[in-house]
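Engineer: Provided herewith: run_39.cif, mmCIF, C-alpha atoms.
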```
data_coords
#
loop_
_atom_site.label_atom_id
_atom_site.label_comp_id
_atom_site.auth_asym_id
_atom_site.auth_seq_id
_atom_site.Cartn_x
_atom_site.Cartn_y
_atom_site.Cartn_z
CA MET G 127 6.84 10.00 -18.40
CA ASN G 128 3.22 10.96 -18.13
CA ASN G 129 2.92 12.28 -14.64
CA VAL G 130 -0.59 12.10 -13.38
CA VAL G 131 -1.92 14.05 -10.48
CA ILE G 132 -3.98 11.52 -8.63
CA LYS G 133 -7.40 11.96 -7.20
CA SER G 134 -7.60 8.21 -6.70
CA LYS G 135 -9.06 7.40 -3.33
CA ASP G 136 -7.26 4.09 -3.10
CA ILE G 137 -3.77 5.43 -3.45
CA THR G 138 -4.55 8.46 -1.29
CA LEU G 139 -5.79 6.12 1.37
CA LEU G 140 -2.71 3.93 1.11
CA GLU G 141 -0.45 6.95 1.39
CA ILE G 142 -2.36 8.08 4.45
CA LEU G 143 -2.28 4.60 5.98
CA ASP G 144 1.46 4.49 5.41
CA ARG G 145 1.72 7.45 7.76
CA VAL G 146 -1.03 7.22 10.32
CA LEU G 147 -0.88 3.57 11.23
CA ASP G 148 2.36 3.48 13.18
CA LYS G 149 3.84 6.96 12.94
CA GLY G 150 2.98 10.28 14.51
CA VAL G 151 2.66 10.51 18.27
CA VAL G 152 2.71 6.95 19.52
CA ILE G 153 2.15 6.76 23.23
CA SER G 154 3.24 3.18 23.56
CA GLY G 155 4.92 0.29 21.79
CA ASP G 156 3.34 -2.07 19.30
CA ILE G 157 4.16 -5.63 20.08
CA VAL G 158 1.52 -7.44 22.02
CA ILE G 159 2.04 -10.87 23.53
CA SER G 160 -1.06 -12.25 25.06
CA VAL G 161 -2.04 -15.35 26.95
CA ALA G 162 -5.60 -16.61 26.85
CA ASP G 163 -6.63 -13.44 25.04
CA VAL G 164 -5.51 -11.18 27.84
CA ASP G 165 -3.10 -8.48 26.75
CA LEU G 166 -0.46 -8.93 29.38
CA ILE G 167 2.12 -6.40 28.40
CA TYR G 168 -0.13 -3.39 28.50
CA LEU G 169 -2.39 -4.20 31.35
CA GLY G 170 -1.20 -1.23 33.31
CA LEU G 171 -1.65 1.21 30.45
CA LYS G 172 -5.22 2.28 30.06
CA VAL G 173 -4.35 4.38 27.05
CA LEU G 174 -3.29 1.66 24.72
CA LEU G 175 -5.54 -0.97 26.23
CA SER G 176 -8.46 1.08 25.19
CA SER G 177 -7.46 1.29 21.57
CA VAL G 178 -6.21 -2.28 21.27
CA GLU G 179 -9.21 -3.58 23.17
CA THR G 180 -11.65 -1.73 21.01
CA MET G 181 -9.91 -2.70 17.83
CA GLU G 182 -9.87 -6.32 18.88
CA GLN G 183 -13.55 -6.20 19.59
CA TRP G 184 -14.14 -4.73 16.19
CA ARG G 185 -11.99 -7.35 14.61
CA ALA G 186 -13.91 -10.09 16.39
CA GLY G 187 -17.18 -8.44 15.49
CA THR G 188 -18.35 -8.48 19.09
CA ILE G 189 -19.24 -4.81 19.11
CA MET K 811 -17.78 7.49 25.69
CA LYS K 812 -14.10 7.57 24.92
CA ILE K 813 -11.88 10.34 23.70
CA TYR K 814 -10.32 10.16 20.27
CA CYS K 815 -7.09 12.13 19.78
CA TYR K 816 -6.00 13.80 16.60
CA SER K 817 -3.05 15.98 17.42
CA ILE K 818 -1.07 18.12 19.82
CA ILE K 819 -1.14 21.79 18.89
CA ASN K 820 0.81 24.84 20.00
CA SER K 821 -2.22 26.60 21.40
CA ASN K 822 -4.26 26.57 24.58
CA HIS K 823 -7.21 28.43 23.06
CA LYS K 824 -10.44 27.28 21.57
CA LEU K 825 -10.20 26.23 17.97
CA PRO K 826 -10.92 29.10 15.58
CA CYS K 827 -13.33 27.10 13.48
CA ARG K 828 -15.78 24.27 13.84
CA ILE K 829 -14.41 20.94 12.71
CA LYS K 830 -16.25 17.66 12.64
CA GLY K 831 -14.31 14.55 13.44
CA LEU K 832 -14.96 10.81 13.56
CA GLN K 833 -18.63 9.92 14.00
CA ALA K 834 -19.33 13.60 13.22
CA GLY K 835 -18.20 14.44 16.74
CA ALA K 836 -17.28 18.03 17.52
CA VAL K 837 -13.51 18.49 17.55
CA TYR K 838 -12.18 20.62 20.39
CA ASN K 839 -8.94 21.60 22.05
CA ILE K 840 -8.11 20.56 25.60
CA PRO K 841 -5.59 23.06 26.88
CA TYR K 842 -2.57 22.08 28.94
CA ARG K 843 -0.22 24.86 29.95
CA ASP K 844 0.76 26.57 26.71
CA ILE K 845 -0.21 23.75 24.37
CA GLY K 846 -3.32 21.67 23.74
CA ILE K 847 -4.53 18.30 22.64
CA VAL K 848 -7.21 18.18 20.00
CA VAL K 849 -9.86 15.52 20.50
CA SER K 850 -13.42 14.53 19.90
CA GLU K 851 -15.77 12.26 21.78
CA PHE K 852 -15.96 8.79 20.48
CA ASN K 853 -18.54 6.10 20.96
CA GLU K 854 -16.81 2.80 20.66
CA LEU K 855 -20.05 0.86 20.75
CA PHE K 856 -21.02 2.22 17.39
CA THR K 857 -19.76 -0.15 14.74
CA PRO K 858 -18.92 1.43 11.45
CA PRO K 859 -20.03 -0.45 8.38
CA VAL K 860 -17.27 -2.73 7.15
CA ILE K 861 -16.10 -1.32 3.87
CA SER K 862 -13.29 -3.01 2.04
CA ILE K 863 -11.17 -1.20 -0.47
CA PRO K 864 -12.16 -2.65 -3.86
CA SER K 865 -8.81 -2.55 -5.57
CA ILE K 866 -7.05 -4.04 -2.57
CA SER K 867 -9.54 -6.86 -2.14
CA SER K 868 -8.91 -7.88 -5.70
CA ILE K 869 -5.26 -8.43 -4.95
CA GLU K 870 -4.32 -11.89 -3.84
CA ARG K 871 -4.06 -12.11 -0.07
CA ASP K 872 -3.18 -14.96 2.21
CA GLU K 873 -5.93 -16.48 4.28
CA ASP K 874 -4.56 -15.04 7.51
CA CYS K 875 -5.05 -11.56 6.13
CA GLU K 876 -8.45 -11.07 7.68
CA LYS K 877 -7.21 -12.07 11.10
CA ASN K 878 -3.96 -10.19 11.05
CA HIS K 879 -5.04 -6.96 9.49
CA SER K 880 -6.48 -4.35 11.73
CA PRO K 881 -10.03 -3.19 11.22
CA ALA K 882 -8.45 0.11 10.17
CA LEU K 883 -8.04 -1.32 6.70
CA PHE K 884 -11.77 -1.75 6.62
CA MET K 885 -12.55 1.71 7.97
CA PRO K 886 -11.24 3.98 5.28
CA ALA K 887 -13.80 6.59 6.26
CA TYR K 888 -12.32 6.89 9.75
CA VAL K 889 -8.78 7.07 8.47
CA LEU K 890 -9.66 9.74 5.92
CA LYS K 891 -11.56 11.70 8.54
CA HIS K 892 -8.63 11.52 10.94
CA GLU K 893 -6.35 12.89 8.27
CA ASP K 894 -8.85 15.60 7.29
CA VAL K 895 -8.94 16.88 10.85
CA VAL K 896 -5.16 16.78 11.19
CA GLU K 897 -4.66 18.67 7.95
CA ALA K 898 -7.26 21.27 8.88
CA LEU K 899 -5.31 21.87 12.09
CA MET K 900 -2.08 22.03 10.15
CA LYS K 901 -3.34 25.12 8.34
CA ASN K 902 -3.49 27.16 11.53
CA PHE K 903 -1.12 25.59 14.03
CA ASN K 904 2.09 23.75 14.65
CA ILE K 905 0.98 20.21 15.06
CA LEU K 906 2.13 16.81 16.23
CA PRO K 907 -0.30 14.39 14.64
CA PHE K 908 -1.28 11.29 16.59
CA LYS K 909 -1.08 7.80 15.28
CA PHE K 910 -4.45 6.68 14.01
CA PHE K 911 -6.82 5.46 16.65
CA THR K 912 -5.27 6.77 19.81
CA VAL K 913 -8.21 6.59 22.13
CA PHE K 914 -8.29 7.48 25.81
CA ASN K 915 -10.69 6.25 28.42
CA SER K 916 -10.96 9.51 30.29
CA ASN K 917 -9.76 13.04 30.77
CA ASP K 918 -7.59 11.81 33.63
CA ASP K 919 -5.60 9.67 31.22
CA ILE K 920 -5.23 12.61 28.87
CA LEU K 921 -4.02 14.80 31.69
CA ALA K 922 -1.51 12.16 32.72
CA VAL K 923 -0.17 11.87 29.19
CA MET K 924 0.15 15.65 28.88
CA GLU K 925 2.04 15.80 32.15
CA ASN K 926 4.33 12.94 31.23
CA TYR K 927 5.04 14.06 27.69
CA TYR K 928 4.92 17.85 28.01
CA ASN K 929 8.62 18.38 27.53
CA ASP K 930 8.71 15.97 24.63
CA PHE K 931 5.77 17.71 23.01
CA ILE K 932 7.29 21.15 23.43
CA GLU K 933 10.61 20.02 21.99
CA ASN K 934 8.91 18.47 18.97
CA LEU K 935 6.64 21.45 18.36
CA ASP K 936 9.65 23.75 18.32
CA ARG K 937 11.72 21.51 16.13
CA LEU K 938 8.93 20.94 13.62
CA TYR K 939 7.75 24.56 13.49
CA ASN K 940 6.89 25.54 9.92
CA LYS K 941 8.00 22.21 8.50
CA VAL K 942 6.15 19.66 6.41
CA GLU K 943 6.76 16.17 5.16
CA PHE K 944 6.92 14.89 1.60
CA GLY K 945 6.92 11.27 0.56
CA LEU K 946 8.71 9.60 -2.30
CA LYS K 947 8.27 5.98 -3.29
CA VAL K 948 10.24 4.43 -6.10
CA ILE K 949 9.57 1.14 -7.85
CA TRP K 950 12.34 -0.41 -9.87
CA PRO K 951 12.53 -3.69 -11.80
CA GLY K 952 14.13 -5.43 -8.84
CA LYS K 953 13.24 -9.01 -9.77
CA ILE K 954 14.62 -8.53 -13.26
CA ILE K 955 17.80 -6.94 -11.95
CA LYS K 956 18.31 -9.74 -9.47
CA ASN K 957 17.77 -12.39 -12.14
CA HIS K 958 20.29 -10.66 -14.32
CA ILE K 959 22.86 -10.60 -11.54
CA SER K 960 22.15 -14.26 -10.91
CA LYS K 961 22.54 -15.23 -14.57
CA THR K 962 25.79 -13.36 -14.97
CA TYR K 963 27.28 -14.90 -11.85
CA THR K 964 30.30 -16.88 -12.94
CA GLU K 965 32.29 -19.46 -11.15
CA ASN K 966 35.61 -17.93 -10.32
CA ASN K 967 38.58 -19.01 -8.34
CA HIS K 968 37.04 -17.87 -5.10
CA ILE K 969 34.59 -20.68 -5.26
CA LEU K 970 35.77 -23.60 -3.21
CA PRO K 971 36.60 -26.95 -4.72
CA GLU K 972 33.51 -29.09 -4.43
CA ASP K 973 35.19 -32.01 -2.73
CA SER K 974 32.63 -32.49 0.02
CA PRO K 975 28.95 -31.92 0.68
CA ALA K 976 29.92 -29.22 3.14
CA LYS K 977 31.87 -27.35 0.45
CA THR K 978 28.99 -27.69 -1.98
CA PHE K 979 26.67 -26.30 0.65
CA ILE K 980 29.00 -23.38 1.28
CA ASN K 981 29.38 -22.67 -2.42
CA GLU K 982 25.63 -22.43 -2.79
CA LYS K 983 25.32 -20.13 0.22
CA LEU K 984 28.23 -18.05 -0.98
CA LYS K 985 26.67 -17.63 -4.38
CA ASN K 986 23.39 -16.44 -2.84
CA TYR K 987 25.24 -14.15 -0.49
CA ARG K 988 27.16 -12.52 -3.33
CA ILE K 989 24.14 -12.09 -5.53
CA GLU K 990 22.23 -10.55 -2.65
CA LYS K 991 25.12 -8.26 -1.84
CA LYS K 992 25.50 -7.08 -5.39
CA PHE K 993 21.78 -6.44 -5.56
CA ILE K 994 21.72 -4.46 -2.35
CA ASP K 995 24.78 -2.44 -3.38
CA LYS K 996 23.09 -1.54 -6.62
CA ALA K 997 19.96 -0.52 -4.76
CA ASN K 998 21.95 1.65 -2.35
CA ASN K 999 23.72 3.36 -5.25
CA CYS K 1000 20.44 4.19 -6.91
CA VAL K 1001 19.00 5.46 -3.65
CA ASP K 1002 22.04 7.68 -3.13
CA ILE K 1003 21.61 9.19 -6.57
CA ILE K 1004 17.96 9.89 -5.85
CA ASN K 1005 18.62 11.37 -2.42
CA ASN K 1006 21.33 13.61 -3.81
CA CYS K 1007 18.67 15.43 -5.80
CA PHE K 1008 16.92 16.44 -2.61
CA ASN K 1009 19.68 16.76 -0.04
CA LYS K 1010 20.13 20.48 -0.63
CA PHE K 1011 16.55 21.28 0.31
CA ILE K 1012 15.69 18.89 3.08
CA ILE K 1013 16.24 19.12 6.80
CA GLU K 1014 15.92 15.44 7.59
CA LYS K 1015 14.97 12.24 5.89
CA ARG K 1016 13.73 8.78 6.77
CA ILE K 1017 14.46 6.20 4.14
CA GLU K 1018 13.67 2.54 3.73
CA THR K 1019 15.64 0.85 1.00
CA LEU K 1020 14.30 -2.31 -0.58
CA LYS K 1021 11.23 -2.68 1.57
CA SER K 1022 10.44 -5.28 -1.04
CA THR K 1023 12.39 -6.49 -4.05
CA ASN K 1024 10.61 -4.05 -6.33
CA LEU K 1025 10.02 -1.19 -3.88
CA LEU K 1026 13.44 0.36 -4.12
CA LEU K 1027 12.76 3.32 -1.90
CA ASN K 1028 10.21 4.54 0.59
CA ALA K 1029 11.40 7.95 1.71
CA SER K 1030 10.01 10.73 3.84
CA TYR K 1031 11.61 14.15 3.64
CA LEU K 1032 11.25 16.90 6.21
CA VAL K 1033 11.37 20.27 4.53
CA SER K 1034 10.62 23.79 5.61
CA LYS K 1035 7.59 25.38 3.98
CA GLU K 1036 9.74 27.83 2.00
CA LYS K 1037 11.60 25.00 0.30
CA VAL K 1038 8.55 23.13 -0.95
CA ASN K 1039 8.76 24.57 -4.46
CA ASP K 1040 12.46 23.73 -4.70
CA LEU K 1041 11.68 20.20 -3.64
CA GLN K 1042 9.00 19.82 -6.27
CA LYS K 1043 11.29 21.15 -8.97
CA ALA K 1044 13.97 18.71 -7.84
CA PHE K 1045 11.47 15.88 -8.19
CA GLU K 1046 10.52 17.00 -11.68
CA SER K 1047 14.10 16.98 -12.83
CA LEU K 1048 14.69 13.61 -11.15
CA ILE K 1049 12.01 11.86 -13.16
CA ILE K 1050 13.46 13.28 -16.34
CA THR K 1051 16.98 12.06 -15.67
CA ASN K 1052 15.93 8.72 -14.17
CA GLY K 1053 12.97 7.81 -16.27
CA GLY K 1054 13.46 4.09 -16.01
CA PHE K 1055 11.87 3.85 -12.58
CA LYS K 1056 8.35 4.50 -11.36
CA TYR K 1057 7.75 7.31 -8.89
CA LEU K 1058 5.10 8.29 -6.41
CA PHE K 1059 5.55 11.75 -4.89
CA SER K 1060 3.15 13.17 -2.33
CA GLY K 1061 2.82 15.99 0.12
CA PRO K 1062 2.77 18.18 2.02
CA TRP K 1063 1.92 15.93 4.92
CA PRO K 1064 1.91 16.58 8.63
CA PRO K 1065 5.31 15.45 9.96
CA TYR K 1066 4.26 11.94 10.98
CA ASN K 1067 7.69 10.47 10.40
CA PHE K 1068 9.69 13.05 12.30
CA ILE K 1069 8.25 13.01 15.76
CA ARG K 1070 10.67 11.82 18.40
CA LEU K 1071 9.41 10.94 21.82
CA ASN K 1072 11.90 10.10 24.51
CA LYS K 1073 9.53 8.87 27.11
CA LYS K 1074 9.84 5.12 27.44
CA VAL K 1075 8.02 4.38 30.64
CA VAL K 1076 4.37 5.29 30.91
CA GLN K 1077 2.82 5.86 34.25
CA ASN K 1078 0.38 3.33 35.59
CA PHE K 1079 -2.80 5.32 35.25
CA THR K 1080 -4.90 3.04 37.35
CA GLU K 1081 -2.99 4.16 40.41
CA ARG K 1082 -3.35 7.84 39.82
CA SER K 1083 -5.60 9.73 42.15
CA MET K 1084 -8.02 12.04 40.40
CA TYR K 1085 -6.91 14.89 42.58
CA GLY K 1086 -3.21 14.42 41.86
CA MET Y 568 -0.34 24.79 -0.02
CA ASP Y 569 -2.44 22.18 -1.75
CA LYS Y 570 -1.62 18.58 -1.28
CA ILE Y 571 -0.27 16.83 -4.35
CA LEU Y 572 0.00 13.17 -5.05
CA THR Y 573 1.60 12.45 -8.34
CA THR Y 574 2.63 9.23 -10.03
CA ASP Y 575 2.55 7.67 -13.45
CA SER Y 576 1.76 4.17 -12.20
CA PRO Y 577 -0.99 4.27 -9.60
CA ALA Y 578 -1.93 0.61 -10.04
CA LEU Y 579 1.63 -0.55 -9.53
CA PHE Y 580 2.03 1.38 -6.31
CA ILE Y 581 -1.34 0.30 -5.04
CA SER Y 582 -0.43 -3.34 -5.52
CA GLU Y 583 3.06 -2.99 -4.01
CA MET Y 584 1.92 -1.00 -0.99
CA ALA Y 585 -1.11 -3.13 -0.30
CA LYS Y 586 1.18 -6.16 -0.06
CA LEU Y 587 3.40 -4.42 2.44
CA ASN Y 588 0.85 -2.88 4.70
CA PRO Y 589 0.54 -5.09 7.71
CA VAL Y 590 -1.27 -3.09 10.27
CA ILE Y 591 -1.22 -4.44 13.74
CA PRO Y 592 1.81 -6.68 14.03
CA LYS Y 593 1.08 -10.34 13.87
CA ARG Y 594 0.26 -11.40 17.34
CA ILE Y 595 1.81 -14.34 18.99
CA THR Y 596 -1.16 -15.65 20.86
CA ALA Y 597 -1.01 -18.52 23.29
CA ASN Y 598 -4.23 -20.04 24.44
CA PRO Y 599 -4.68 -23.43 26.10
CA LYS Y 600 -5.47 -25.04 22.74
CA ASN Y 601 -2.47 -23.88 20.84
CA VAL Y 602 0.02 -22.76 23.44
CA GLU Y 603 2.62 -25.19 22.17
CA HIS Y 604 2.17 -23.98 18.65
CA GLY Y 605 2.49 -20.34 19.64
CA LEU Y 606 5.62 -20.98 21.67
CA ALA Y 607 7.14 -23.16 18.99
CA LYS Y 608 6.64 -20.36 16.52
CA LEU Y 609 8.32 -17.89 18.81
CA VAL Y 610 11.26 -20.14 19.58
CA LEU Y 611 11.78 -21.27 16.00
CA THR Y 612 11.59 -17.69 14.77
CA LEU Y 613 14.36 -16.65 17.09
CA ILE Y 614 16.48 -19.65 16.15
CA GLU Y 615 15.96 -18.95 12.44
CA LEU Y 616 17.02 -15.37 12.98
CA ILE Y 617 20.22 -16.41 14.69
CA ARG Y 618 20.89 -19.14 12.16
CA LYS Y 619 20.52 -16.74 9.24
CA LEU Y 620 22.74 -14.21 10.92
CA MET Y 621 25.36 -16.90 11.50
CA GLU Y 622 25.23 -17.95 7.86
CA LYS Y 623 25.70 -14.37 6.81
CA GLN Y 624 28.64 -13.88 9.15
CA ALA Y 625 30.18 -17.10 7.88
CA MET Y 626 29.94 -15.88 4.30
CA LYS Y 627 31.53 -12.60 5.25
CA ARG Y 628 34.47 -14.35 6.85
CA ILE Y 629 34.92 -16.72 3.94
CA GLU Y 630 34.91 -13.80 1.53
CA LYS Y 631 37.52 -12.08 3.62
CA GLY Y 632 39.69 -15.15 3.20
CA SER Y 633 40.57 -15.36 6.88
CA LEU Y 634 39.56 -18.99 7.30
CA THR Y 635 41.53 -22.13 6.63
CA ASP Y 636 40.24 -24.87 4.41
CA GLU Y 637 39.55 -27.04 7.43
CA GLU Y 638 37.60 -24.27 9.16
CA ILE Y 639 35.48 -23.74 6.09
CA GLU Y 640 34.78 -27.46 5.90
CA ARG Y 641 33.65 -27.57 9.53
CA LEU Y 642 31.57 -24.43 9.14
CA GLY Y 643 29.87 -25.90 6.10
CA GLU Y 644 29.07 -29.15 7.85
CA THR Y 645 27.66 -27.42 10.92
CA LEU Y 646 25.57 -24.94 8.98
CA MET Y 647 24.29 -27.71 6.79
CA LYS Y 648 23.24 -29.77 9.80
CA LEU Y 649 21.58 -26.74 11.37
CA GLU Y 650 19.63 -26.05 8.24
CA ASN Y 651 18.46 -29.65 7.99
CA LYS Y 652 17.49 -29.67 11.64
CA MET Y 653 15.49 -26.49 11.24
CA ASP Y 654 13.71 -27.91 8.21
CA GLU Y 655 12.76 -30.93 10.30
CA LEU Y 656 11.46 -28.79 13.14
CA LYS Y 657 9.52 -26.56 10.82
CA GLN Y 658 7.90 -29.61 9.29
CA LEU Y 659 7.15 -31.04 12.72
CA PHE Y 660 5.24 -27.94 13.74
CA GLY Y 661 3.78 -27.30 10.34
CA LEU Y 662 5.41 -23.90 10.05
CA THR Y 663 6.57 -22.28 6.85
CA ASP Y 664 9.25 -19.64 6.44
CA ARG Y 665 6.46 -17.16 6.04
CA ASP Y 666 4.97 -18.07 9.43
CA LEU Y 667 8.24 -17.35 11.14
CA ASN Y 668 8.63 -13.86 9.80
CA ILE Y 669 7.11 -11.70 12.50
CA ASN Y 670 6.28 -8.13 11.76
CA LEU Y 671 7.56 -5.74 14.37
CA GLY Y 672 5.44 -2.78 13.35
CA PRO Y 673 7.62 0.26 12.83
CA LEU Y 674 10.75 -1.91 12.85
CA GLY Y 675 9.64 -3.80 9.79
CA ASP Y 676 9.81 -7.54 9.40
CA LEU Y 677 12.07 -9.62 11.58
CA MET Y 678 13.84 -11.10 8.58
#
```
Please lay out the structure from this file as C-alpha cells.

Structural biologist:
Amino acid sequence: MNNVVIKSKDITLLEILDRVLDKGVVISGDIVISVADVDLIYLGLKVLLSSVETMEQWRAGTI
Amino acid sequence: MKIYCYSIINSNHKLPCRIKGLQAGAVYNIPYRDIGIVVSEFNELFTPPVISIPSISSIERDEDCEKNHSPALFMPAYVLKHEDVVEALMKNFNILPFKFFTVFNSNDDILAVMENYYNDFIENLDRLYNKVEFGLKVIWPGKIIKNHISKTYTENNHILPEDSPAKTFINEKLKNYRIEKKFIDKANNCVDIINNCFNKFIIEKRIETLKSTNLLLNASYLVSKEKVNDLQKAFESLIITNGGFKYLFSGPWPPYNFIRLNKKVVQNFTERSMYG
Amino acid sequence: MDKILTTDSPALFISEMAKLNPVIPKRITANPKNVEHGLAKLVLTLIELIRKLMEKQAMKRIEKGSLTDEEIERLGETLMKLENKMDELKQLFGLTDRDLNINLGPLGDLM
C-alpha cells in the first residue's frame, strides 16, 4: 500500500470537523425544537442561545 | 462583542506567547482559581465570506443540504483557526478543547460556567494530563460483502412454509434480518482484529462500527504521549497484514473525544446577579 | 510531536466523510404554515422507530424458535398490516424514509 502523508486541506478539514463540531467541551445539548422560529428549549441558557442564534443568522444570511 | 472560547487550560497565568484567533482577535487567558479559559473577542456582526469546500461541493448532495448544514461547513477558515489555536495551546498546557463555536455573551456567563463546571474541568484536566488522541478510519468493501452474503443466502429448513401472505412477509423479513446480522458480525470481527493491534498501547477508545455500509470503523484512541511511537508502529504493521482495506490515520489531536462532563443542568444565567 | 495524517485513499475518505457529516442536527421546526407537517414527521419518526424495533425483536424470537406456528402467523399478519399502514401515512404526508431519519448529533442517526 502506498501510504501518503497528506497535506490536503480538504481531508485535514474533514478530520478537524469530525472532532470540533460536536466533541470537546460541550456546555449544552444539541437537539433544538423550535416553534415559530423561537428556540424554546434553550431560552434560559444564554451560552448556547448565543451560538445557535448567531449561527442561525449566518445561515439565513441576515447578518 | 461576544467572547469566543477555545479551551480550558491548567493555568491561571497570562499566555506565554501571542496567539491570534478568529477574526485575528488577540487570544488571552481568563483565570479562574487554578485554571483558565482561553478566549478571544468576537464580533458576530462581521460576516465571513462564504467559502465552500470545492471537493465537497462536487459530491452529490440532497437539496436540503444547504438548509440543514451549519454555516461551519462554509467557514473552513474559522474551523482551521480554532484548531490552530487549540493545538498551539496543547504544546504548553493540559487542555480541554471546546466544541467549535462556543460563544458567550459576556464575562458573567463565562464566570458562571467556570463556577458550575470547575470540578468537572479539574477532573478532566487531571485525567487527560499528558495524553493525546489519534484517529483511525477504515473503509472496507461493505456493499460488495453484503451483496455476497445476500447471494449466498440459501433457503434452509428454518424458513417457514410459505402457506400464507403473513408467512411470506415473515420469510422476507427474516432473510433481511439474517443477512444484516451476518454482515454486522463480520464487521465486528474485523473491528476486533484491528483494535487488538492497538489495545496494548491505548488508555481508552471510542469506536463507531459501520457508521455507513462502507465506513467500517471510525475510532479515536486515547494514548499517553510516550506511547505515540508504539501506536504508529502498530498502525504500520496493521496495514501490512490487512492490506485489503483502506485506512486513514491521524494525530496527535487534542482529546476531543475523551472529555466527560457530568453537569446536566445549567444555571439560568439571566437570573444571576452580577455581584453574585 | 508533529501532526500526521496518512492515508492511501484521500478521495475515498473525503467522499465517505462528507456524506456523513451532518452538522447541526436536522431541526424539527413548527411554524404556523407547516406545523402539521413538522408534527407528523416527529410522530411518524417515533412510530417507525418502534415498528422497526418490533420487527427486529420478532425476528429474534422466531430465530430462537420459541414461537408456535400460530403465533408466527399472527405476528406476520400484524407486522404486515403495520408496514402497509405506515406506507400509507408516509404517502399521505409526503414523507420518505430519509425524511424520518433524524440526526441526533453525537448520538448518530435515529435509525

Engineer: Compare K:Asn1009, K:Thr1051, K:Thr912, K:Ser850 by their minimum atom-to-atom distance to K:Leu1032, counting all atoms listed in the file, and give me the closest one.

Structural biologist: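 Once distances to K:Leu1032 are computed over all atoms listed in the file, the minimum belongs to K:Asn1009.
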
Engineer: So how many Å separate atom CA of K:Ser821 and atom CA of K:Val896, to one decimal?

Structural biologist: 14.5 Å

Engineer: Report, in Å with one decimal, the straight-line distance from atom CA of K:Pro907 to atom CA of K:Asp930.

Structural biologist: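 Value for the atom CA of K:Pro907-atom CA of K:Asp930 distance: 13.5 Å.
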
Engineer: Could you tell me which residues the PyMOL selection byres ((chain K and resi 997-1004) around 9) returns for this structure, as an mmCIF file with C-alpha atoms, in the frame of the given file?

Structural biologist:
```cif
data_model
loop_
_atom_site.group_PDB
_atom_site.id
_atom_site.type_symbol
_atom_site.label_atom_id
_atom_site.label_comp_id
_atom_site.auth_asym_id
_atom_site.auth_seq_id
_atom_site.Cartn_x
_atom_site.Cartn_y
_atom_site.Cartn_z
ATOM 1 C CA GLY K 952 14.130 -5.430 -8.840
ATOM 2 C CA LYS K 992 25.500 -7.080 -5.390
ATOM 3 C CA PHE K 993 21.780 -6.440 -5.560
ATOM 4 C CA ILE K 994 21.720 -4.460 -2.350
ATOM 5 C CA ASP K 995 24.780 -2.440 -3.380
ATOM 6 C CA LYS K 996 23.090 -1.540 -6.620
ATOM 7 C CA ASN K 1005 18.620 11.370 -2.420
ATOM 8 C CA ASN K 1006 21.330 13.610 -3.810
ATOM 9 C CA CYS K 1007 18.670 15.430 -5.800
ATOM 10 C CA PHE K 1008 16.920 16.440 -2.610
ATOM 11 C CA THR K 1019 15.640 0.850 1.000
ATOM 12 C CA LEU K 1020 14.300 -2.310 -0.580
ATOM 13 C CA LEU K 1026 13.440 0.360 -4.120
ATOM 14 C CA LEU K 1027 12.760 3.320 -1.900
ATOM 15 C CA LEU K 1048 14.690 13.610 -11.150
ATOM 16 C CA ASN K 1052 15.930 8.720 -14.170
#
```

Engineer: Find the spatial neighbours of stretch 640-644 of chain Y, counting all atoms listed in the file, within a cut-off of 10 Å - ignore same-chain residues fewer than 3 positions away - and output them as number ranges by chain.

Structural biologist: K: 970, 973-981, 983; Y: 622, 625-626, 629, 634-637, 647-650

Engineer: Name the residues captured by the PyMOL selection byres ((chain Y and resi 569) around 9) when it is applied to the shown file; answer as a list in words.

Structural biologist: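 Taken over the shown coordinates, the PyMOL selection byres ((chain Y and resi 569) around 9) returns Gly1061 and Pro1062 of chain K; Met568, Lys570 and Ile571 of chain Y.
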
Engineer: Run through the PyMOL selection byres ((chain G and resi 150) around 7) on the given coordinates and return the selected residues as an MDAnalysis selection string.

Structural biologist: (chainID G and resid 146 148:149 151:152) or (chainID K and resid 906:909 1066:1067 1069)

Engineer: Would you mind exporting C-alpha atoms of the selected residues as a compact mmCIF listing (two decimals), in the coordinates of the input?

Structural biologist:
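Written output follows (part-v8.txt):
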```
# COMPACT_ATOMS: atom_id res chain seq x y z
CA VAL G 146 -1.03 7.22 10.32
CA ASP G 148 2.36 3.48 13.18
CA LYS G 149 3.84 6.96 12.94
CA VAL G 151 2.66 10.51 18.27
CA VAL G 152 2.71 6.95 19.52
CA LEU K 906 2.13 16.81 16.23
CA PRO K 907 -0.30 14.39 14.64
CA PHE K 908 -1.28 11.29 16.59
CA LYS K 909 -1.08 7.80 15.28
CA TYR K 1066 4.26 11.94 10.98
CA ASN K 1067 7.69 10.47 10.40
CA ILE K 1069 8.25 13.01 15.76
```

Engineer: For atom CA of Y:Leu620 and atom CA of Y:Phe660, determine how far apart the two atoms are, in Å to one decimal place.

Structural biologist: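 It comes out at 22.4 Å.
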
Engineer: Residues within 9 Å of stretch 822-824 of chain K, please, as a PyMOL selection string. Count all atoms listed in the file; anything in the same chain fewer than 2 positions from it doesn't count.

Structural biologist: chain K and resi 819-820+826-827+838-847

Engineer: Would you give the centre and edge lengths, in Å to one decimal, of a box along x, y and z around the listed atoms of stretch 943-952 of chain K, with 4 Å added to each side, as JSON?

Structural biologist:
```
{"center_x": 10.4, "center_y": 5.4, "center_z": -3.3, "size_x": 15.4, "size_y": 29.6, "size_z": 25.0}
```

Engineer: Which residue out of K:Pro951, K:Gly835, K:Pro971, K:Gly1053 has the minimum interatomic distance to chain G when all atoms listed in the file are used?

Structural biologist: K:Gly1053

Engineer: With distances taken over only C-alpha atoms, which residue among K:Lys1021, K:Lys956, K:Arg1070, K:Lys1056 lies nearest Y:Leu587?

Structural biologist: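 Counting only C-alpha atoms, the residue closest to Y:Leu587 is K:Lys1021.
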